[in-house]
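Please read the structure below before turning to the comments.
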Amino acid sequence: MGIGKIARRTFLGVLAVGAGVTAFGYWQYRRPYDNPLDEGLGDGEATFNPFVKIASDGTMTVITPRAEMGQGVQTTLAALVAEELDVRLDQLKVEHGPPSAAYYNEAMLAEGAPFPMFEESFLAEFQRGAMTFVSKFLGLQVTGGSSSTIDAFGKMREAGCAARHALVAAAAERWSVDGATLQTGEGRVTNPSNGESLSYGDLAVAAASAEVPRDMVSRPRSGWKILGRPAERVDLHDKGTGGRIFGIDVELPDMLHATVRMSPRFGVGAETVDMTAALAMPSVRDVVPVDSTTGSGFAVIAETTWDAFKGAEALDIAWGQAPYPADDAAITAALETAIDQDPATALMDKGDATGAIDAAPAAEVLEARYQVPYLAHACMEPMNATARFRDGKLEIWTGTQAPGIVAIAAARQLGIDAEDVTVNVTHLGGGFGRRGEIGYPVYAAEVANHDTYRPAALGQFRAKLREGAAAEAVEMKIAAPSIMKSVIARTFPDMSAMGPDKTLTDGAFNQPVMIENHLVSGHEADIAIPVGFWLAMMGDDPRLDPARGVLRKVAEMSDWGAAMPQGTGKGVAHVVSFGTWTAMVVQVDARGGDIVIEKVWCAADPGEVLDPRIFTDQISSAAIYGFSSAMGQELTFVEGEVQQGNFWDYSFMNGAQCPEFEVAFLETAKHMGGAGEVGTPPAIPALANAIYAATGERLREMPFTRKVTFSNA
Amino acid sequence: MKLTVNGTERELEVSDDMPLLWALRDVLDVKGPKFGCGVAACGACTVLIDGEPVRSCSLPAVDVWGPVTTIEGIGEGETLHRVQQAWMEHQVPQCGYCQSGQILAAVALLETTPQPNDEDIDAAMTNLCRCGTYPKIRAAIKSAAKMEA
């Protein structure tokens with residue numbers, strides 16, 4: 001173990017040398033992209049790579065080019081640099097930095113490849129490599145898929161390590177001594193033989209052109225001073241004092257405020273509009289049509305946000321008809337039709353699942369239908385962006401998970417070059433993928449919204465099961481609209497999607513079970529069965545050791561199998577979730593009639609945990625996100641329009657409903673897994689299984705409030 | 001009209017229906033109170049009026065009956081309010097967007113109930129947090145209750 005187990009694939013040219021040490025390649029030598037920090041360097045400032053900038057006044061800036069939406073990513077990314085640069089985390093100034101191809105997210109696209117992550121066949125590795133190539137080619141700087149830390153683990157440490165070597169080399173030259181005899185710590189280089197020392201600031205300019213060794217060796221895990229323990233979040237003070245750090249807090253001189261009324265039906269605009277009443281309002285400056293790949297409608301520009309809201313309300317608009325199934329019954333019918341047709345993908349197809357189940361005696365066949373509705377991301381901070389267009393150049397301030405794509409889309413909208421667009425990324429008041437979409441900054445560019453949804457899906461599952469034995473055949477058919485096609489049409493309208501669409505059956509085909517006859521076809525869910533059953537389903541493949549490890553751990557933590565009072569129950573679920581092996585147990589009490597979610601235990605194995613507090617916080621956050629969807633979230637459609645509009649009809653778990661959490665992590669997995677979204681997939685089936693144990697009610701349709709009620713505590 | 005915000009009297013001109021939230025944010029440039037839902041459902045816009053927690057998105061500015069305190073006004077100079085100190089100790093904020101409102105709701109709770117139990121916290125802390133920081137909020141309130149006021 002140890003650090004030799006570095007995030008797979010994240011780092012071209014990395015060499016594991018012996019146990020516990022990583023050698024880094026020579027940055028300048030293979031420097032993949034121009035350093036965006038070269039531009040705009042001030043006097044006395046030096047940059048060593050796209051992640052580190054040091055000024056002669058001692059200011060040390062680290063670029064953490066991932067969106068901070070509460071997951072603590074900027075803290076952990078800065079800690080990776082601090083560890084190797086040999087400075088305290090609080091000595092660093094942490095900035096998101098400019099969008100640049102140099103900050104592309106390799107890990108996210110690598111995990112987008114259509115293979116289970118434990119599949120290491122040549123084809124799987126080849127395909128992951130190809131996806132990596134694509135991401136680098138496009139220079140996609142994206143925060144999503146719980147991939148940021150995996151992506152950063154090699155490169156951010158390398159950035160700190162390379163800068164430290166350069167600073168030591170500069171000191172060695174100034175003192176005419178051998179660099180190997182020098183020491184670093186807290187932002188200084190010291191010569192232990194005579195006690196002389198220089199700050200990194202003193203050395204920065206000389207260091208920028210210093211010769212550094214071709215092979216640099218990272219700190220072994222045993223030598224870590226910052227990583228592997230809880231760090232103080234770098235944004236803690238701002239977030240506890242009302243700091244102006246969100247997109248919505250941006251204030252520019254002479255700024256106007258606008259709001260949009262977008263078509264409530266996707267793909268159609270207004271048939272008629274009467275702006276007279278809005279334009280007659282003294283505080284309304286203008287009403288502007290907005291037409292983009294993400295929607296069409298009107299923006300109302302006014303002195304204040306409130307005035308813009310009132311103006312938007314005063315617009316009299318007749319919208320066109322929806323060009324798609326217009327209500328819930330039609331959506332369900334479309335899914336039912338799709339599930340009986342030939343599959344679009346079959347990323348798991350082993351043996352003959354359909355044949356084995358068809359031939360099995362009826363008593364051995366378990367058949368179940370699962371259904372999930374459309375969901376909204378429901379961020380606390382409404383989508384917003386600030387834009388300034390002058391002298392042919394556009395500057396945007398916004399909380400986005402995809403700044404490079406925002407620049408491209410905004411440029412396309414205004415008919416200017418992407419190079420003439422600057423995107424300043426603020427903190428995000430929630431993201432969850434919603435802020436990977438481009439609509440809101442594009443609308444801001446146009447003057448200056450509506451959500452895209454997690455699609456509904458239908459699952460038709462059959463299994464051949466005998467009492468006390470592992471399943472011999474499992475057939476899972478899943479029907480859902482393609483997320484990839486929808487995202488690409490909005491974001492890159494000129495591009496056609498390539499390869500099999502993994503998103504249709506992601507989380508289903510790539511799970512740690514070994515079944516003789518196993519078919520997962522894409523045309524969600526887990527089966528409610530005890531811990532022992534899942535262990536049986538994993539066969540004896542050693543690649544699944546971490547899955548067994550987390551199941552055994554969570555069983556021990558939750559005292560699984562202990563007798564419980566009538567009307568209470570525990571449920572378990574396990575999943576490889578965003579690269580992390582995860583098992584969760586939920587305990588509910590239904591004795592009062594309403595369901596109370598009392599306690600959650602989770603064991604997760606992401607291979608390596610860089611910040612235990614942030615990691616465990618993320619597990620509980622994501623589980624709460626999952627519970628919220630089970631506790632009533634649902635978008636319904638009438639005449640092509642979503643009926644839900646705000647937190648009163650689309651709410652989420654509140655403080656009084658929130659269970660106690662106990663989270664443990666293991667660090668045995670070979671590859672580093674994600675943290676941000678890991679807790680969501682197991683939360684829902686574990687809850688369903690707990691409710692079944694407590695009440696006998698089997699829940700296969702989301703939200704669960706169709707059949708049960710939850711206590712408001 | 002006049003509003004006392006964080007101890008300073010401010011003069012402003014707003015329409016009769018403009019909510020206090022937008023008067024603070026867009027007219028007076030006080031950005032601590034956040035816009036979440038606009039219908040008093042989430043509590044991100046919570047401020048104190050005469051010490052009482054109020055959802056400023058749904059109260060016209062002209063109807064404000066006393067001095068307004070926002071997150072910017074609860075500390076004393078560089079010294080943070082004990083609730084803020086407890087928030088830091090437990091590293092409560094994640095995305096942070098709801099936390100100004102959460103902190104003010106907790107400040108108000110401790111004024112009326114210096115030693116709140118779990119039921120008191122459940123009843124008073126109805127602000128929503130999409131990151132689910134609720135267990136840390138509960139722990140931080142209990143820590144703050146132990147500190148000297």
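Labels used: A, B, ... for chains in the order of the structure tokens, numbers from 1 for residues in each chain, and numbers from 1 for ligands as shown.
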> Got a sec: who's within 7 Å of A:Gln618, counting only C-alpha atoms, leaving out chain neighbours fewer than 6 positions off, as a list in words?
Replying inline: Gln71, Ala675 and Gly676 of chain A
Residues of the last selection are to be written out with C-alpha atoms, as an mmCIF file, in the first residue's frame.
data_model
loop_
_atom_site.group_PDB
_atom_site.id
_atom_site.type_symbol
_atom_site.label_atom_id
_atom_site.label_comp_id
_atom_site.auth_asym_id
_atom_site.auth_seq_id
_atom_site.Cartn_x
_atom_site.Cartn_y
_atom_site.Cartn_z
ATOM 1 C CA GLN A 71 -17.307 19.458 -1.340
ATOM 2 C CA ALA A 675 -16.042 11.288 -2.548
ATOM 3 C CA GLY A 676 -18.652 13.868 -3.539
#
>> Please identify all residues of chain B having at least one atom at most 8 Å from any atom of chain A, considering only C-alpha atoms, and return them as a VMD selection string.
In response: chain B and resid 18 to 19 22 26 to 27 31 to 37 41 to 42 71 to 72 84 87 to 88 91 93 to 100 103 122 to 123 125 to 135
Deliver the residues from the most recent selection as a file, using C-alpha atoms, as a tab-separated table (two decimals), in the first residue's frame.
chain	number	residue	atom	x	y	z
B	18	MET	CA	-39.78	45.70	-2.39
B	19	PRO	CA	-38.82	42.98	0.08
B	22	TRP	CA	-33.61	43.17	-2.15
B	26	ASP	CA	-29.36	45.57	-4.39
B	27	VAL	CA	-29.88	49.00	-2.84
B	31	LYS	CA	-24.83	40.79	0.53
B	32	GLY	CA	-24.84	38.53	3.61
B	33	PRO	CA	-28.56	37.67	3.40
B	34	LYS	CA	-29.00	35.31	0.45
B	35	PHE	CA	-31.79	34.79	-2.04
B	36	GLY	CA	-32.90	31.16	-2.06
B	37	CYS	CA	-36.59	30.70	-2.78
B	41	ALA	CA	-39.48	28.43	2.53
B	42	CYS	CA	-35.70	28.04	2.89
B	71	ILE	CA	-24.43	38.27	9.39
B	72	GLU	CA	-22.11	41.24	8.81
B	84	GLN	CA	-19.63	31.92	14.43
B	87	TRP	CA	-19.41	27.18	13.36
B	88	MET	CA	-15.67	27.37	12.63
B	91	GLN	CA	-16.36	23.37	10.20
B	93	PRO	CA	-20.22	25.31	6.17
B	94	GLN	CA	-19.91	23.28	3.01
B	95	CYS	CA	-21.20	25.23	0.02
B	96	GLY	CA	-21.98	27.92	2.61
B	97	TYR	CA	-24.90	29.52	0.85
B	98	CYS	CA	-27.47	28.93	3.62
B	99	GLN	CA	-25.05	29.51	6.49
B	100	SER	CA	-25.60	33.24	7.03
B	103	ILE	CA	-26.08	31.35	11.98
B	122	ASP	CA	-35.50	21.01	15.84
B	123	ALA	CA	-38.23	23.57	16.48
B	125	MET	CA	-33.74	25.59	13.17
B	126	THR	CA	-36.12	25.23	10.24
B	127	ASN	CA	-33.73	26.72	7.68
B	128	LEU	CA	-32.95	24.31	4.84
B	129	CYS	CA	-29.44	23.17	3.92
B	130	ARG	CA	-29.04	21.35	0.63
B	131	CYS	CA	-25.57	20.10	1.63
B	132	GLY	CA	-27.14	18.46	4.69
B	133	THR	CA	-24.86	20.06	7.29
B	134	TYR	CA	-27.60	19.52	9.90
B	135	PRO	CA	-25.59	17.21	12.24
>> Let's see if you can do this: from backbone DSSP, list all strand (DSSP E) residues in chain B, as a VMD selection string.
In response: chain B and resid 2 to 5 8 to 11 46 to 49 52 to 55 68 to 69
> Got a sec to tell me which of stretch 262-456 of chain A DSSP assigns to helix (DSSP H, G or I), as an MDAnalysis selection string?
Replying inline: chainID A and resid 276:279 305:314 328:339 353:359 362:364 403:414 418:420 434:436 439:446
Export of prior selection with C-alpha atoms as a PDB file, in the first residue's frame:
ATOM      1  CA  THR A 276     -46.322  46.646 -23.148  1.00  0.00           C
ATOM      2  CA  ALA A 277     -47.060  46.384 -19.434  1.00  0.00           C
ATOM      3  CA  ALA A 278     -43.499  45.414 -18.571  1.00  0.00           C
ATOM      4  CA  LEU A 279     -41.939  48.170 -20.668  1.00  0.00           C
ATOM      5  CA  THR A 305     -33.622  42.288  -9.076  1.00  0.00           C
ATOM      6  CA  TRP A 306     -37.042  42.933  -7.577  1.00  0.00           C
ATOM      7  CA  ASP A 307     -37.971  45.321 -10.382  1.00  0.00           C
ATOM      8  CA  ALA A 308     -36.835  42.748 -12.940  1.00  0.00           C
ATOM      9  CA  PHE A 309     -38.994  40.090 -11.248  1.00  0.00           C
ATOM     10  CA  LYS A 310     -42.028  42.357 -11.430  1.00  0.00           C
ATOM     11  CA  GLY A 311     -41.339  43.152 -15.086  1.00  0.00           C
ATOM     12  CA  ALA A 312     -41.026  39.468 -15.955  1.00  0.00           C
ATOM     13  CA  GLU A 313     -44.343  38.752 -14.254  1.00  0.00           C
ATOM     14  CA  ALA A 314     -45.959  41.480 -16.363  1.00  0.00           C
ATOM     15  CA  ASP A 328     -46.529  11.814 -16.988  1.00  0.00           C
ATOM     16  CA  ALA A 329     -48.706   9.140 -18.600  1.00  0.00           C
ATOM     17  CA  ALA A 330     -47.084   9.774 -21.994  1.00  0.00           C
ATOM     18  CA  ILE A 331     -43.591   9.690 -20.468  1.00  0.00           C
ATOM     19  CA  THR A 332     -44.322   6.376 -18.741  1.00  0.00           C
ATOM     20  CA  ALA A 333     -45.775   4.980 -21.979  1.00  0.00           C
ATOM     21  CA  ALA A 334     -42.640   6.017 -23.879  1.00  0.00           C
ATOM     22  CA  LEU A 335     -40.453   4.257 -21.314  1.00  0.00           C
ATOM     23  CA  GLU A 336     -42.631   1.142 -21.437  1.00  0.00           C
ATOM     24  CA  THR A 337     -42.380   1.047 -25.220  1.00  0.00           C
ATOM     25  CA  ALA A 338     -38.614   1.528 -25.095  1.00  0.00           C
ATOM     26  CA  ILE A 339     -38.043  -1.272 -22.620  1.00  0.00           C
ATOM     27  CA  ALA A 353     -29.631 -14.564 -18.634  1.00  0.00           C
ATOM     28  CA  THR A 354     -32.870 -14.339 -20.582  1.00  0.00           C
ATOM     29  CA  GLY A 355     -32.760 -18.036 -21.550  1.00  0.00           C
ATOM     30  CA  ALA A 356     -31.923 -19.198 -18.021  1.00  0.00           C
ATOM     31  CA  ILE A 357     -34.792 -17.181 -16.528  1.00  0.00           C
ATOM     32  CA  ASP A 358     -37.305 -18.215 -19.210  1.00  0.00           C
ATOM     33  CA  ALA A 359     -36.442 -21.878 -18.573  1.00  0.00           C
ATOM     34  CA  ALA A 362     -41.927 -20.015 -11.889  1.00  0.00           C
ATOM     35  CA  ALA A 363     -41.195 -20.400  -8.170  1.00  0.00           C
ATOM     36  CA  GLU A 364     -37.555 -19.512  -8.809  1.00  0.00           C
ATOM     37  CA  PRO A 403     -15.806  27.421 -17.280  1.00  0.00           C
ATOM     38  CA  GLY A 404     -14.152  26.519 -20.582  1.00  0.00           C
ATOM     39  CA  ILE A 405     -17.435  25.335 -22.044  1.00  0.00           C
ATOM     40  CA  VAL A 406     -19.165  28.482 -20.768  1.00  0.00           C
ATOM     41  CA  ALA A 407     -16.612  30.589 -22.656  1.00  0.00           C
ATOM     42  CA  ILE A 408     -17.175  28.638 -25.884  1.00  0.00           C
ATOM     43  CA  ALA A 409     -20.968  28.802 -25.594  1.00  0.00           C
ATOM     44  CA  ALA A 410     -21.076  32.478 -24.670  1.00  0.00           C
ATOM     45  CA  ALA A 411     -18.783  33.323 -27.588  1.00  0.00           C
ATOM     46  CA  ARG A 412     -20.998  31.330 -29.940  1.00  0.00           C
ATOM     47  CA  GLN A 413     -24.031  33.193 -28.636  1.00  0.00           C
ATOM     48  CA  LEU A 414     -22.504  36.619 -29.280  1.00  0.00           C
ATOM     49  CA  ALA A 418     -13.769  32.345 -27.354  1.00  0.00           C
ATOM     50  CA  GLU A 419     -10.417  34.066 -26.743  1.00  0.00           C
ATOM     51  CA  ASP A 420     -12.349  37.295 -26.222  1.00  0.00           C
ATOM     52  CA  ARG A 434     -26.696  21.738 -12.435  1.00  0.00           C
ATOM     53  CA  ARG A 435     -23.845  24.188 -12.780  1.00  0.00           C
ATOM     54  CA  GLY A 436     -22.204  22.098 -15.479  1.00  0.00           C
ATOM     55  CA  GLY A 439     -27.720  28.234 -20.033  1.00  0.00           C
ATOM     56  CA  TYR A 440     -27.528  30.848 -17.308  1.00  0.00           C
ATOM     57  CA  PRO A 441     -24.178  32.436 -18.235  1.00  0.00           C
ATOM     58  CA  VAL A 442     -25.231  32.407 -21.877  1.00  0.00           C
ATOM     59  CA  TYR A 443     -28.411  34.293 -21.021  1.00  0.00           C
ATOM     60  CA  ALA A 444     -26.324  36.732 -19.019  1.00  0.00           C
ATOM     61  CA  ALA A 445     -24.094  37.142 -22.049  1.00  0.00           C
ATOM     62  CA  GLU A 446     -27.109  37.778 -24.235  1.00  0.00           C
TER      63      GLU A 446
END
>> Report as JSON, numbers by chain all protein, DNA and RNA residues lying within 9 Å of A:Asp611, evaluated on only C-alpha atoms, omitting residues in the same chain fewer than 2 positions from it.
In response: {"A": [76, 226, 227, 228, 229, 230, 231, 609, 613, 614, 615, 616]}
>> So the first atom is atom CA of A:Glu186 and the second is atom CA of A:Ala171; what is the distance between them in Å, to one decimal place?
In response: 15.3 Å
>> I want to know what sits within 9 Å of B:Ala124, based on only C-alpha atoms, with residues of the same chain fewer than 4 positions away left out; could you give that as a ChimeraX atom specification?
In response: /B:105-106,108-109,119-120
>> As an exercise, work out the distance from atom CA of B:Leu21 to atom CA of B:Gly73 in Å and give it to one decimal place.
In response: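 About the pair atom CA of B:Leu21 and atom CA of B:Gly73: they are 15.4 Å apart.
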> Nearest to A:Leu610 among A:Glu701, A:Asp559, A:Glu467, A:Glu667, with distances taken over only C-alpha atoms: which residue is it?
Replying inline: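 Going through A:Glu701, A:Asp559, A:Glu467, A:Glu667 one by one, the smallest distance to A:Leu610 is for A:Glu667.
Distance check against B:Arg10 using only C-alpha atoms: of B:Lys146, B:Pro60, B:Pro67, B:Gly43, the minimum falls on B:Pro67.
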>> What's around A:Lys464 at 7 Å? Count only C-alpha atoms, leave out sequence neighbours fewer than 3 positions away in its own chain, and write the answer as number ranges by chain.
In response: A: 357, 360, 364-366, 471-474
